[in-house]
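Next up, upload33.cif (mmCIF, C-alpha atoms and all ligand atoms):
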data_target
#
loop_
_atom_site.label_atom_id
_atom_site.label_comp_id
_atom_site.auth_asym_id
_atom_site.auth_seq_id
_atom_site.Cartn_x
_atom_site.Cartn_y
_atom_site.Cartn_z
CA ALA K 130 134.12 104.97 92.39
CA PRO K 131 133.28 101.35 91.57
CA ALA K 132 133.70 100.32 87.93
CA PRO K 133 130.42 100.23 85.98
CA PRO K 134 128.95 96.73 85.80
CA ALA K 135 129.45 94.74 82.64
CA ALA K 136 126.40 94.41 80.43
CA ARG K 137 126.14 90.70 81.20
CA HIS K 138 124.74 91.65 84.61
CA LEU K 139 122.03 93.94 83.26
CA PHE K 140 118.76 93.46 81.42
CA SER K 141 119.58 95.41 78.31
CA ASP K 142 117.75 93.39 75.64
CA PRO K 143 114.11 94.60 75.43
CA ALA K 144 112.99 91.35 73.77
CA GLU K 145 114.42 89.32 76.63
CA VAL K 146 112.80 91.60 79.22
CA GLU K 147 109.44 91.18 77.47
CA ALA K 148 109.80 87.38 77.37
CA LEU K 149 110.81 87.23 81.03
CA ARG K 150 107.76 89.29 82.07
CA ARG K 151 105.45 87.09 80.00
CA ASN K 152 106.83 83.81 81.37
CA LEU K 153 106.85 84.99 84.96
CA LEU K 154 103.29 86.38 84.88
CA ALA K 155 101.91 83.27 83.17
CA TRP K 156 103.49 81.14 85.90
CA TYR K 157 102.11 83.44 88.61
CA ASP K 158 98.60 83.22 87.21
CA ARG K 159 98.86 79.42 87.31
CA CYS K 160 100.72 78.85 90.56
CA LYS K 161 100.26 81.76 92.98
CA ARG K 162 99.35 80.88 96.56
CA ASP K 163 95.95 81.92 97.90
CA LEU K 164 96.77 84.45 100.60
CA PRO K 165 94.24 86.58 102.49
CA TRP K 166 95.87 89.92 101.62
CA ARG K 167 95.89 89.01 97.93
CA ALA K 168 92.20 88.18 98.02
CA LEU K 169 91.48 91.50 99.78
CA ALA K 170 93.60 93.54 97.37
CA GLU K 171 91.98 91.90 94.34
CA MET K 172 88.39 92.24 95.53
CA GLU K 173 88.43 95.61 97.28
CA PRO K 174 87.13 98.37 94.96
CA ASP K 175 88.07 101.23 97.32
CA ALA K 176 91.66 102.32 96.68
CA ASP K 177 92.33 103.49 100.26
CA ARG K 178 91.03 100.26 101.77
CA ARG K 179 93.11 98.31 99.24
CA GLY K 180 96.19 100.32 100.15
CA TYR K 181 95.59 99.74 103.85
CA ALA K 182 95.10 95.96 103.38
CA VAL K 183 98.37 95.65 101.47
CA TRP K 184 100.22 97.92 103.86
CA VAL K 185 99.28 95.85 106.93
CA SER K 186 100.35 92.64 105.18
CA GLU K 187 103.66 94.10 104.05
CA ILE K 188 104.54 95.35 107.53
CA MET K 189 103.65 91.99 109.09
CA LEU K 190 105.61 90.09 106.45
CA GLN K 191 108.81 92.02 107.15
CA GLN K 192 111.01 89.51 108.99
CA THR K 193 108.12 87.05 109.54
CA GLN K 194 107.10 83.90 107.64
CA VAL K 195 103.88 83.87 105.60
CA ALA K 196 102.48 80.89 107.55
CA THR K 197 102.84 82.77 110.85
CA VAL K 198 101.43 86.02 109.51
CA ILE K 199 98.12 84.64 108.12
CA ASP K 200 96.36 84.23 111.46
CA TYR K 201 97.63 87.58 112.81
CA TYR K 202 96.58 89.31 109.59
CA ASN K 203 93.05 87.88 109.65
CA ARG K 204 92.56 88.86 113.29
CA TRP K 205 93.97 92.34 112.67
CA MET K 206 91.76 93.03 109.65
CA GLN K 207 88.73 91.78 111.53
CA LYS K 208 89.44 94.07 114.46
CA TRP K 209 90.57 97.10 112.43
CA PRO K 210 89.23 96.76 108.87
CA THR K 211 90.11 100.36 107.96
CA LEU K 212 92.89 102.73 108.86
CA GLN K 213 90.30 104.95 110.55
CA ALA K 214 89.53 102.05 112.90
CA LEU K 215 93.21 101.45 113.55
CA ALA K 216 93.79 105.14 114.27
CA GLN K 217 91.31 104.89 117.15
CA ALA K 218 92.93 101.81 118.73
CA SER K 219 95.14 102.12 121.81
CA LEU K 220 98.80 101.08 121.67
CA GLU K 221 98.02 98.48 124.33
CA GLU K 222 95.45 96.83 122.04
CA VAL K 223 97.93 96.90 119.15
CA ASN K 224 100.65 95.31 121.29
CA GLU K 225 98.24 92.66 122.55
CA LEU K 226 97.30 91.62 119.03
CA TRP K 227 100.91 91.77 117.89
CA ALA K 228 102.19 89.69 120.84
CA GLY K 229 104.24 86.77 119.53
CA LEU K 230 104.85 88.24 116.05
CA GLY K 231 108.15 89.85 117.08
CA TYR K 232 109.76 93.17 116.08
CA TYR K 233 107.13 95.02 118.07
CA SER K 234 107.94 98.51 116.85
CA ARG K 235 106.29 97.52 113.55
CA GLY K 236 102.80 97.47 115.09
CA LYS K 237 103.39 100.71 116.93
CA ARG K 238 104.58 102.53 113.83
CA LEU K 239 101.74 101.15 111.74
CA GLN K 240 99.30 102.64 114.22
CA GLU K 241 101.18 105.97 114.37
CA ALA K 242 101.11 106.16 110.58
CA ALA K 243 97.36 105.40 110.49
CA ARG K 244 96.79 108.26 112.94
CA LYS K 245 98.87 110.53 110.75
CA VAL K 246 96.87 109.63 107.62
CA VAL K 247 93.63 110.38 109.45
CA SER K 248 94.73 113.59 111.16
CA GLU K 249 97.07 115.14 108.58
CA LEU K 250 96.12 113.63 105.21
CA ALA K 251 92.33 113.77 105.46
CA GLY K 252 92.18 109.97 105.73
CA GLN K 253 93.66 109.48 102.25
CA MET K 254 96.63 107.21 101.72
CA PRO K 255 99.44 108.68 99.60
CA ARG K 256 99.27 107.07 96.13
CA THR K 257 102.87 106.94 94.92
CA ALA K 258 105.90 105.11 96.24
CA GLU K 259 107.73 108.42 96.71
CA ASP K 260 104.93 109.95 98.81
CA LEU K 261 104.29 106.79 100.79
CA GLN K 262 107.93 106.62 101.80
CA LYS K 263 108.13 110.32 102.53
CA LEU K 264 104.90 110.68 104.50
CA LEU K 265 104.34 107.45 106.40
CA PRO K 266 106.49 106.51 109.41
CA GLY K 267 107.79 102.94 109.19
CA VAL K 268 107.30 102.75 105.41
CA GLY K 269 110.64 102.24 103.69
CA ARG K 270 111.48 101.99 100.02
CA TYR K 271 110.40 98.37 99.66
CA THR K 272 107.05 98.73 101.45
CA ALA K 273 106.27 101.93 99.55
CA GLY K 274 106.96 100.21 96.21
CA ALA K 275 104.85 97.20 97.18
CA ILE K 276 101.84 99.30 98.26
CA ALA K 277 102.07 101.64 95.24
CA SER K 278 102.38 98.84 92.69
CA ILE K 279 99.92 96.36 94.18
CA SER K 280 97.23 98.81 95.35
CA TYR K 281 97.55 101.73 92.96
CA GLY K 282 99.11 100.21 89.84
CA GLN K 283 102.25 102.36 89.84
CA ALA K 284 104.92 100.81 87.59
CA THR K 285 107.64 100.74 90.21
CA GLY K 286 109.86 97.82 91.17
CA VAL K 287 110.51 96.29 94.58
CA VAL K 288 113.60 94.72 96.11
CA ASP K 289 113.30 92.45 99.13
CA GLY K 290 115.32 89.39 100.21
CA ASN K 291 113.55 87.13 97.71
CA VAL K 292 114.04 89.55 94.83
CA ILE K 293 117.72 89.99 95.72
CA ARG K 294 118.24 86.24 95.49
CA VAL K 295 116.38 85.84 92.19
CA LEU K 296 118.07 88.81 90.50
CA CYS K 297 121.55 87.85 91.71
CA ARG K 298 121.05 84.38 90.23
CA LEU K 299 119.45 85.59 87.01
CA ARG K 300 122.46 87.82 86.39
CA CYS K 301 125.31 86.03 88.21
CA ILE K 302 125.80 88.90 90.66
CA GLY K 303 128.41 87.72 93.14
CA ALA K 304 129.47 91.00 94.75
CA ASP K 305 128.28 91.49 98.36
CA SER K 306 124.48 91.71 97.95
CA SER K 307 124.10 93.71 101.15
CA SER K 308 126.37 96.52 99.98
CA PRO K 309 124.62 99.81 99.09
CA SER K 310 126.11 99.93 95.59
CA VAL K 311 124.83 96.44 94.71
CA ILE K 312 121.44 97.17 96.27
CA ASP K 313 121.18 100.33 94.12
CA ARG K 314 121.86 98.28 91.00
CA LEU K 315 119.23 95.75 91.98
CA TRP K 316 116.66 98.54 92.38
CA ASP K 317 117.59 99.81 88.90
CA MET K 318 117.04 96.29 87.56
CA ALA K 319 113.71 95.85 89.36
CA ASN K 320 112.53 99.14 87.87
CA VAL K 321 113.58 98.09 84.37
CA LEU K 322 111.93 94.69 84.66
CA VAL K 323 108.59 95.59 86.25
CA ASP K 324 105.69 94.96 83.87
CA ARG K 325 104.08 98.26 82.89
CA SER K 326 100.53 96.94 82.68
CA ARG K 327 100.56 94.57 85.70
CA PRO K 328 103.19 96.00 88.03
CA GLY K 329 101.65 94.69 91.28
CA ASP K 330 101.28 91.16 89.91
CA PHE K 331 104.78 91.24 88.45
CA ASN K 332 106.34 92.28 91.76
CA GLN K 333 104.40 89.66 93.65
CA ALA K 334 105.39 87.07 91.04
CA LEU K 335 109.08 87.86 91.43
CA MET K 336 108.81 87.60 95.22
CA GLU K 337 106.68 84.44 94.94
CA LEU K 338 109.32 82.88 92.72
CA GLY K 339 111.95 83.57 95.37
CA ALA K 340 109.72 82.21 98.14
CA THR K 341 108.62 78.99 96.44
CA VAL K 342 111.01 78.07 93.58
CA CYS K 343 114.25 80.05 93.72
CA VAL K 344 114.64 79.26 97.42
CA PRO K 345 117.92 79.77 99.30
CA LYS K 346 119.25 76.24 99.69
CA ALA K 347 117.79 73.88 97.08
CA PRO K 348 116.17 75.91 94.29
CA LEU K 349 113.85 74.03 91.93
CA CYS K 350 115.53 75.19 88.73
CA GLY K 351 113.95 72.42 86.66
CA GLU K 352 110.48 73.92 87.38
CA CYS K 353 111.51 77.54 87.11
CA PRO K 354 109.52 79.63 84.62
CA VAL K 355 112.48 81.93 83.90
CA LYS K 356 115.32 79.43 83.70
CA GLN K 357 115.98 80.28 80.08
CA HIS K 358 116.85 83.81 81.26
CA CYS K 359 118.98 82.65 84.17
CA GLN K 360 122.73 82.99 83.83
CA ALA K 361 123.48 81.07 87.03
CA TRP K 362 121.45 78.12 85.71
CA ARG K 363 123.24 78.23 82.36
CA ARG K 364 126.56 78.53 84.07
CA LYS K 365 125.75 75.45 86.14
CA LEU K 366 124.73 73.54 83.01
CA PHE K 367 127.66 74.60 80.83
CA GLY K 368 130.29 75.10 83.50
CA LYS K 369 131.22 78.62 82.40
CA PRO K 370 129.56 82.01 82.10
CA PRO K 371 127.19 82.16 79.14
CA PRO K 372 128.46 84.16 76.19
CA VAL K 373 126.95 87.59 75.78
CA SER K 374 127.08 88.81 72.21
CA ASP K 375 128.98 92.04 71.52
CA VAL K 376 129.94 92.41 75.14
CA GLU K 377 133.32 91.83 76.61
CA ASP K 378 133.54 89.37 79.47
CA CYS K 379 134.00 90.89 82.92
CA GLY K 380 137.64 91.24 83.73
CA VAL K 381 138.60 89.61 87.01
CA GLY K 382 138.43 92.18 89.83
CA ASP K 383 137.30 94.81 87.37
CA CYS K 384 133.55 94.51 87.61
CA SER K 385 131.49 95.90 90.48
CA LEU K 386 128.96 93.04 90.32
CA CYS K 387 131.19 89.99 89.81
CA PRO K 388 132.26 87.79 92.73
CA PRO K 389 135.55 88.98 94.25
CA ALA K 390 138.58 87.41 92.55
CA THR K 391 139.40 85.68 95.83
CA GLU K 392 136.05 83.83 95.86
CA PRO K 393 135.48 82.50 92.36
CA TRP K 394 132.59 80.29 91.21
CA ASP K 395 132.42 77.09 93.24
CA SER K 396 131.00 74.38 90.99
CA SER K 397 129.83 72.28 93.95
CA LEU K 398 127.39 75.07 94.90
CA GLY K 399 125.81 75.53 91.47
CA VAL K 400 123.30 78.39 91.35
CA THR K 401 123.58 78.85 95.11
CA ASN K 402 126.90 80.57 94.46
CA PHE K 403 124.59 83.60 94.33
CA PRO K 404 123.77 85.76 96.15
CA ARG K 405 126.76 86.37 98.38
CA LYS K 406 126.82 88.40 101.53
CA ALA K 407 129.58 89.67 103.75
CA ALA K 408 129.71 87.58 106.95
CA LYS K 409 127.18 88.77 109.55
CA LYS K 410 128.34 89.98 112.92
CA PRO K 411 127.58 87.31 115.54
CA PRO K 412 124.69 88.27 117.85
CA ARG K 413 125.61 90.00 121.11
CA ALA K 414 125.32 87.76 124.18
CA MET K 415 123.18 89.12 127.04
CA ARG K 416 122.10 87.67 130.38
CA THR K 417 119.03 88.88 132.20
CA ALA K 418 117.77 87.77 135.60
CA THR K 419 114.00 87.54 135.76
CA CYS K 420 111.70 86.69 138.63
CA VAL K 421 108.25 85.15 138.50
CA LEU K 422 106.63 86.70 141.59
CA GLU K 423 103.55 84.78 142.65
CA ARG K 424 100.81 85.56 145.15
CA ARG K 425 97.38 84.13 145.97
CA GLY K 426 94.72 86.27 144.32
CA CYS K 427 91.44 87.10 146.08
CA HIS K 428 89.76 83.97 144.68
CA GLY K 429 92.67 81.76 145.69
CA ALA K 430 94.05 81.43 142.14
CA PRO K 431 97.75 82.28 141.72
CA GLU K 432 98.58 85.69 140.28
CA TYR K 433 101.85 86.92 138.82
CA LEU K 434 103.42 90.36 138.75
CA ILE K 435 104.16 91.85 135.34
CA VAL K 436 105.74 95.24 134.70
CA GLN K 437 105.85 97.38 131.60
CA ARG K 438 109.04 97.98 129.66
CA PRO K 439 110.08 101.52 128.66
CA SER K 440 108.30 103.03 125.64
CA SER K 441 111.41 102.89 123.44
CA GLY K 442 114.12 100.34 122.70
CA LEU K 443 113.89 96.55 122.50
CA LEU K 444 110.34 95.20 123.15
CA ALA K 445 109.14 98.75 123.82
CA GLY K 446 105.96 99.02 125.90
CA LEU K 447 105.61 95.25 126.32
CA TRP K 448 104.99 93.59 129.68
CA GLU K 449 107.41 91.21 131.40
CA PHE K 450 108.23 89.62 134.74
CA PRO K 451 110.50 91.99 136.76
CA SER K 452 113.86 91.64 135.04
CA LEU K 453 117.38 92.94 135.39
CA PRO K 454 120.21 92.85 132.83
CA LEU K 455 123.29 91.16 134.30
CA ALA K 456 127.00 91.48 133.69
CA GLN K 457 128.47 88.41 131.96
CA ASP K 458 130.22 85.73 134.02
CA LEU K 459 128.62 86.48 137.40
CA GLN K 460 128.38 83.58 139.88
CA GLU K 461 124.80 82.36 140.41
CA GLU K 462 124.91 83.59 144.00
CA LYS K 463 125.77 87.10 142.83
CA GLU K 464 123.04 87.04 140.18
CA ARG K 465 120.57 86.09 142.90
CA GLU K 466 121.73 88.97 145.14
CA GLU K 467 121.45 91.55 142.37
CA LEU K 468 117.97 90.35 141.51
CA ALA K 469 116.96 90.48 145.19
CA ASP K 470 118.12 94.13 145.38
CA HIS K 471 116.19 94.93 142.23
CA LEU K 472 113.01 93.35 143.63
CA GLN K 473 113.46 95.22 146.89
CA ALA K 474 113.21 98.50 144.98
CA TRP K 475 109.93 97.26 143.51
CA MET K 476 108.35 96.04 146.68
CA GLY K 477 109.67 98.63 149.12
CA ARG K 478 110.88 95.96 151.57
CA PRO K 479 113.90 93.67 151.80
CA VAL K 480 113.87 90.49 149.73
CA ALA K 481 116.11 87.66 150.95
CA ALA K 482 118.32 86.43 148.13
CA LYS K 483 118.05 82.93 149.60
CA GLY K 484 114.27 83.03 149.17
CA LEU K 485 114.60 83.21 145.40
CA GLN K 486 114.25 79.78 143.88
CA PHE K 487 116.35 79.14 140.78
CA ILE K 488 114.13 77.56 138.10
CA GLY K 489 116.39 77.35 135.04
CA GLU K 490 117.59 79.26 132.01
CA VAL K 491 115.65 80.24 128.91
CA ILE K 492 117.43 81.16 125.72
CA HIS K 493 115.80 83.42 123.17
CA ILE K 494 117.41 84.69 119.99
CA PHE K 495 116.46 88.17 118.90
CA SER K 496 117.82 89.25 115.52
CA HIS K 497 120.98 90.75 116.99
CA ILE K 498 120.96 89.51 120.59
CA HIS K 499 121.51 86.06 122.03
CA GLN K 500 119.53 86.48 125.25
CA THR K 501 119.71 84.15 128.23
CA TYR K 502 117.04 84.64 130.88
CA VAL K 503 118.08 83.32 134.28
CA VAL K 504 114.72 82.50 135.81
CA PHE K 505 113.90 82.59 139.53
CA SER K 506 110.59 82.39 141.33
CA LEU K 507 109.35 83.80 144.60
CA HIS K 508 106.08 83.03 146.39
CA LEU K 509 104.74 85.90 148.47
CA ASP K 510 102.74 85.51 151.64
CA GLY K 511 100.39 88.40 152.19
CA ASP K 512 100.12 91.48 150.04
CA VAL K 513 102.79 93.92 148.89
CA THR K 514 102.46 97.56 148.10
CA LEU K 515 104.14 98.32 144.83
CA ASP K 516 105.90 101.63 144.48
CA PRO K 517 103.70 103.75 142.14
CA ALA K 518 106.73 105.86 141.18
CA LEU K 519 108.15 102.88 139.26
CA SER K 520 107.03 101.64 135.82
CA PRO K 521 103.41 100.52 135.45
CA SER K 522 102.82 97.07 136.90
CA ARG K 523 99.91 94.72 137.53
CA TRP K 524 99.00 91.31 138.91
CA VAL K 525 97.59 88.87 136.37
CA THR K 526 96.30 85.32 136.34
CA GLU K 527 97.93 82.86 133.97
CA GLU K 528 95.09 83.37 131.49
CA GLU K 529 95.40 87.17 131.67
CA PHE K 530 99.14 86.86 131.24
CA HIS K 531 98.69 85.04 127.93
CA ALA K 532 96.20 87.66 126.71
CA SER K 533 98.54 90.55 127.63
CA ALA K 534 101.08 92.26 125.41
CA VAL K 535 103.98 90.00 126.38
CA SER K 536 106.78 88.78 124.15
CA THR K 537 107.37 85.19 123.05
CA ALA K 538 110.49 85.20 125.22
CA MET K 539 108.42 85.94 128.34
CA LYS K 540 105.95 83.20 127.41
CA LYS K 541 108.89 80.80 127.29
CA VAL K 542 109.95 82.02 130.75
FE1 LIG K 601 116.51 80.61 90.49
FE2 LIG K 601 117.13 78.34 89.30
FE3 LIG K 601 115.18 79.87 88.35
FE4 LIG K 601 117.71 80.62 88.13
S1 LIG K 601 116.77 78.85 87.18
S2 LIG K 601 115.99 81.90 88.77
S3 LIG K 601 118.56 79.88 90.01
S4 LIG K 601 115.21 78.80 90.31
#
Rewrite the structure of this file - the entire thing - as structure tokens.
Ligand code: SF4
Amino acid sequence: APAPPAARHLFSDPAEVEALRRNLLAWYDRCKRDLPWRALAEMEPDADRRGYAVWVSEIMLQQTQVATVIDYYNRWMQKWPTLQALAQASLEEVNELWAGLGYYSRGKRLQEAARKVVSELAGQMPRTAEDLQKLLPGVGRYTAGAIASISYGQATGVVDGNVIRVLCRLRCIGADSSSPSVIDRLWDMANVLVDRSRPGDFNQALMELGATVCVPKAPLCGECPVKQHCQAWRRKLFGKPPPVSDVEDCGVGDCSLCPPATEPWDSSLGVTNFPRKAAKKPPRAMRTATCVLERRGCHGAPEYLIVQRPSSGLLAGLWEFPSLPLAQDLQEEKEREELADHLQAWMGRPVAAKGLQFIGEVIHIFSHIHQTYVVFSLHLDGDVTLDPALSPSRWVTEEEFHASAVSTAMKKV
């Protein structure tokens, strides 16, 4: 079992906790950004509608920047202002609105959960973090804590990437911040710190601090409202860990939250010594051949064939040009032949590999995959009969293509 953390890493002084809450909330009241989900949560008197508004924003904000989310959020809330409205939407409509936001299973699960609330919970959102996490698909510990504190006033903490960074700096936590034992400690801390009378504002303030002041690369410590509580800041100023009265210093290698003895404090990094993470695995390289099949539509405008991906896995249910994963290191000629065979299965007639025109390569980085699309095009004379036994497919104009549920990667193609 890991050694218990030394008290220097914890928030054990109630007077300090009180002062930190006060300073952080005063700063939040002065400096918070105007964001549409905040305005909705503050103005909406109905608790279920408030919960829904926060829930949608939290799901969209997972893995996506605030600036990108705003437009999607506004369009979503206009189209489906309540979870009852969302429950009636089709998955195709959800995917179309979500197109370009990435991590597509988020939209799908949001809609599944809305249906569940309507059909199994009499349209009422669960009100506590525990129930939200237990009952709603796609709602993890963080999202549950955010909804419960912001919408329903439950005094429960939250831990996301911003909070991890702020807490690790406030308390000089240098052990691997992605390890389950450190994450558990950070949740304990967030639950100790959260303000009992304004839990939603406190949680948003802590995340806002991480997003705007205590940023990853060049934190604005001089402007930070909690710098007097920050051990990393004091350590940078004084060049050594701050003294903690009545508490023994952490012994090297003996504390579960200190940096490993092999990676001590690096004074050139200052507060950005924290947090630390174990090195990430490099993304897996994948190559996919894809073909833009073009025909003349009935009004003479070009049309393109798109096909639907399977309903599970990467980019589930989205539409794409006919595509085929390739083995690495194939010669271009071989890639062309394999794609021609694949297209033949679609069209029910031979496709000459030589007829495929190589256009170029498109690289798209998914979180864990470095994807290279090898793009070909093929112009068809006359009509083709697509095999109805294969995945759903349809011909679209360029305009219809952009309005369809297609990924950013396909738009690049
Ligand atoms: Fe972050 Fe600097 Fe504030 Fe510490 S003083 S919490 S490192 S911004």
Find the residues of chain K that sit at most 10 Å from ligand LIG 601 (chain K); for each, write down the nearest two atoms and how far apart they are in Å, to one decimal. Count all atoms listed in the file. Sort by chain, then by number going up, and give it as a Markdown table.
| residue | atom | partner | partner_atom | distance |
| --- | --- | --- | --- | --- |
| K:Val292 | CA | K:LIG601 | S2 | 10.0 |
| K:Arg294 | CA | K:LIG601 | FE1 | 7.7 |
| K:Val295 | CA | K:LIG601 | S2 | 5.2 |
| K:Leu296 | CA | K:LIG601 | S2 | 7.4 |
| K:Cys297 | CA | K:LIG601 | S2 | 8.7 |
| K:Arg298 | CA | K:LIG601 | S3 | 5.1 |
| K:Leu299 | CA | K:LIG601 | S2 | 5.4 |
| K:Arg300 | CA | K:LIG601 | FE4 | 8.8 |
| K:Cys301 | CA | K:LIG601 | S3 | 9.3 |
| K:Leu335 | CA | K:LIG601 | S2 | 9.5 |
| K:Leu338 | CA | K:LIG601 | S4 | 7.6 |
| K:Gly339 | CA | K:LIG601 | FE1 | 7.3 |
| K:Thr341 | CA | K:LIG601 | S4 | 9.0 |
| K:Val342 | CA | K:LIG601 | S4 | 5.4 |
| K:Cys343 | CA | K:LIG601 | S4 | 3.8 |
| K:Val344 | CA | K:LIG601 | S4 | 7.1 |
| K:Pro345 | CA | K:LIG601 | FE1 | 9.0 |
| K:Ala347 | CA | K:LIG601 | S4 | 8.8 |
| K:Pro348 | CA | K:LIG601 | S4 | 5.0 |
| K:Leu349 | CA | K:LIG601 | S4 | 5.2 |
| K:Cys350 | CA | K:LIG601 | FE2 | 3.6 |
| K:Gly351 | CA | K:LIG601 | S1 | 7.0 |
| K:Glu352 | CA | K:LIG601 | S4 | 7.4 |
| K:Cys353 | CA | K:LIG601 | FE3 | 4.5 |
| K:Pro354 | CA | K:LIG601 | FE3 | 6.8 |
| K:Val355 | CA | K:LIG601 | FE3 | 5.6 |
| K:Lys356 | CA | K:LIG601 | S1 | 3.8 |
| K:Gln357 | CA | K:LIG601 | S1 | 7.3 |
| K:His358 | CA | K:LIG601 | FE4 | 7.6 |
| K:Cys359 | CA | K:LIG601 | FE4 | 4.6 |
| K:Gln360 | CA | K:LIG601 | FE4 | 7.0 |
| K:Ala361 | CA | K:LIG601 | S3 | 5.9 |
| K:Trp362 | CA | K:LIG601 | S1 | 5.0 |
| K:Arg363 | CA | K:LIG601 | S1 | 8.1 |
| K:Arg364 | CA | K:LIG601 | FE4 | 10.0 |
| K:Lys365 | CA | K:LIG601 | S3 | 9.3 |
| K:Gly399 | CA | K:LIG601 | S3 | 8.6 |
| K:Val400 | CA | K:LIG601 | S3 | 5.1 |
| K:Thr401 | CA | K:LIG601 | S3 | 7.2 |
| K:Asn402 | CA | K:LIG601 | S3 | 9.5 |
| K:Phe403 | CA | K:LIG601 | S3 | 8.3 |
| K:Pro404 | CA | K:LIG601 | S3 | 10.0 |
### Task
Enter the distance from CA of Ser396 (chain K) to CA of Leu322 (chain K), in Å, rounded to one decimal.
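According to the coordinates, CA of Ser396 (chain K) and CA of Leu322 (chain K) are separated by 28.6 Å.
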### Task
Using all atoms listed in the file, give me every residue within 12 Å of (104.2, 91.3, 156.5) in file coordinates, as JSON, numbers by chain.
{"K": [476, 477, 478, 479, 480, 509, 510, 511, 512, 513, 514]}
Writer output for current selection, C-alpha atoms, as a JSON list (two decimals), in the frame of the given file:
[["chain", "number", "residue", "atom", "x", "y", "z"],
["K", 476, "MET", "CA", 108.35, 96.04, 146.68],
["K", 477, "GLY", "CA", 109.67, 98.63, 149.12],
["K", 478, "ARG", "CA", 110.88, 95.96, 151.57],
["K", 479, "PRO", "CA", 113.90, 93.67, 151.80],
["K", 480, "VAL", "CA", 113.87, 90.49, 149.73],
["K", 509, "LEU", "CA", 104.74, 85.90, 148.47],
["K", 510, "ASP", "CA", 102.74, 85.51, 151.64],
["K", 511, "GLY", "CA", 100.39, 88.40, 152.19],
["K", 512, "ASP", "CA", 100.12, 91.48, 150.04],
["K", 513, "VAL", "CA", 102.79, 93.92, 148.89],
["K", 514, "THR", "CA", 102.46, 97.56, 148.10]]
### Task
In Å, rounded to a single decimal, give me how far CA of Tyr502 (chain K) is from CA of Gln473 (chain K).
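That distance, rounded to one decimal, is 19.5 Å.
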For Gln191 (chain K): contacts at 10 Å, only C-alpha atoms, fewer than 6 positions along chain excluded, given as a CSV table (one decimal) with C-alpha atoms, in the coordinates of the input:
chain,number,residue,atom,x,y,z
K,198,VAL,CA,101.4,86.0,109.5
K,232,TYR,CA,109.8,93.2,116.1
K,235,ARG,CA,106.3,97.5,113.6
K,271,TYR,CA,110.4,98.4,99.7
K,272,THR,CA,107.0,98.7,101.4
K,289,ASP,CA,113.3,92.4,99.1
K,290,GLY,CA,115.3,89.4,100.2
### Query
At what distance in Å, to one decimal, does CA of Ala532 (chain K) lie from CA of Ala228 (chain K)?
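Rounded to one decimal, the two atoms are 8.6 Å apart.
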### Task
Do a neighbour search on region 144-156 of chain K at 8 Å with only C-alpha atoms, toss out local chain neighbours closer than 2 positions, and write the hits as a list in words.
Phe140, Ser141, Asp142, Asp158, Arg159, Cys160, Lys161, Leu322, Val323, Asp324, Asp330, Phe331, Ala334, Leu335, Pro354, Val355 and His358 of chain K
### Task
Would you kindly identify which residues have an atom no farther than 12 Å from (124.3, 89.4, 118.1), using all atoms listed in the file and the file's own coordinates, and write them out as a ChimeraX atom specification?
/K:409-415,493-500
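Between Gly229 (chain K) and the residues K:Thr417, K:Thr537, K:Thr197, K:Ser280, the shortest atom-to-atom distance, using only C-alpha atoms, involves K:Thr537.
When all atoms listed in the file are used to measure the gap to Arg137 (chain K), the shortest distance among K:Cys387, K:Glu241, K:Leu220, K:Tyr433 belongs to K:Cys387.
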### Query
Of the residues K:Thr501, K:Ser536, K:Asn291, K:Gln283, which is the one nearest to Gly231 (chain K), using only C-alpha atoms?
K:Ser536
### Message
So that I can see what lies close to Glu173 (chain K), please list as a VMD selection string the residues with an atom at most 12 Å from it, counting all atoms listed in the file and leaving out residues fewer than 5 positions away in the same chain.
### Response
chain K and resid 165 to 168 178 to 183 210 to 211 279 to 281
### Task
Check the smallest atom-to-atom distance from each of K:Ala277, K:Leu265, K:Val504, K:Ile488 to Ala538 (chain K) using all atoms listed in the file, then report the winner.
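With all atoms listed in the file as the atom set, the closest residue is K:Val504.
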### Query
Within 6 Å of Arg424 (chain K), counting all atoms listed in the file, which residues qualify if same-chain residues fewer than 3 places away don't, as a list of chain:residue names?
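Non-adjacent residues within range: K:Pro431, K:Glu432, K:His508, K:Leu509.
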Draw an axis-aligned box over all listed atoms of region 345-355 of chain K, pad each side with 8 Å, and write its centre and edge lengths in Å, one decimal, as AutoDock Vina command-line options.
--center_x 114.4 --center_y 77.2 --center_z 91.8 --size_x 25.7 --size_y 25.5 --size_z 31.8
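Between Leu315 (chain K) and the residues K:His471, K:His138, K:Lys237, K:Arg327, the shortest atom-to-atom distance, using only C-alpha atoms, involves K:His138.
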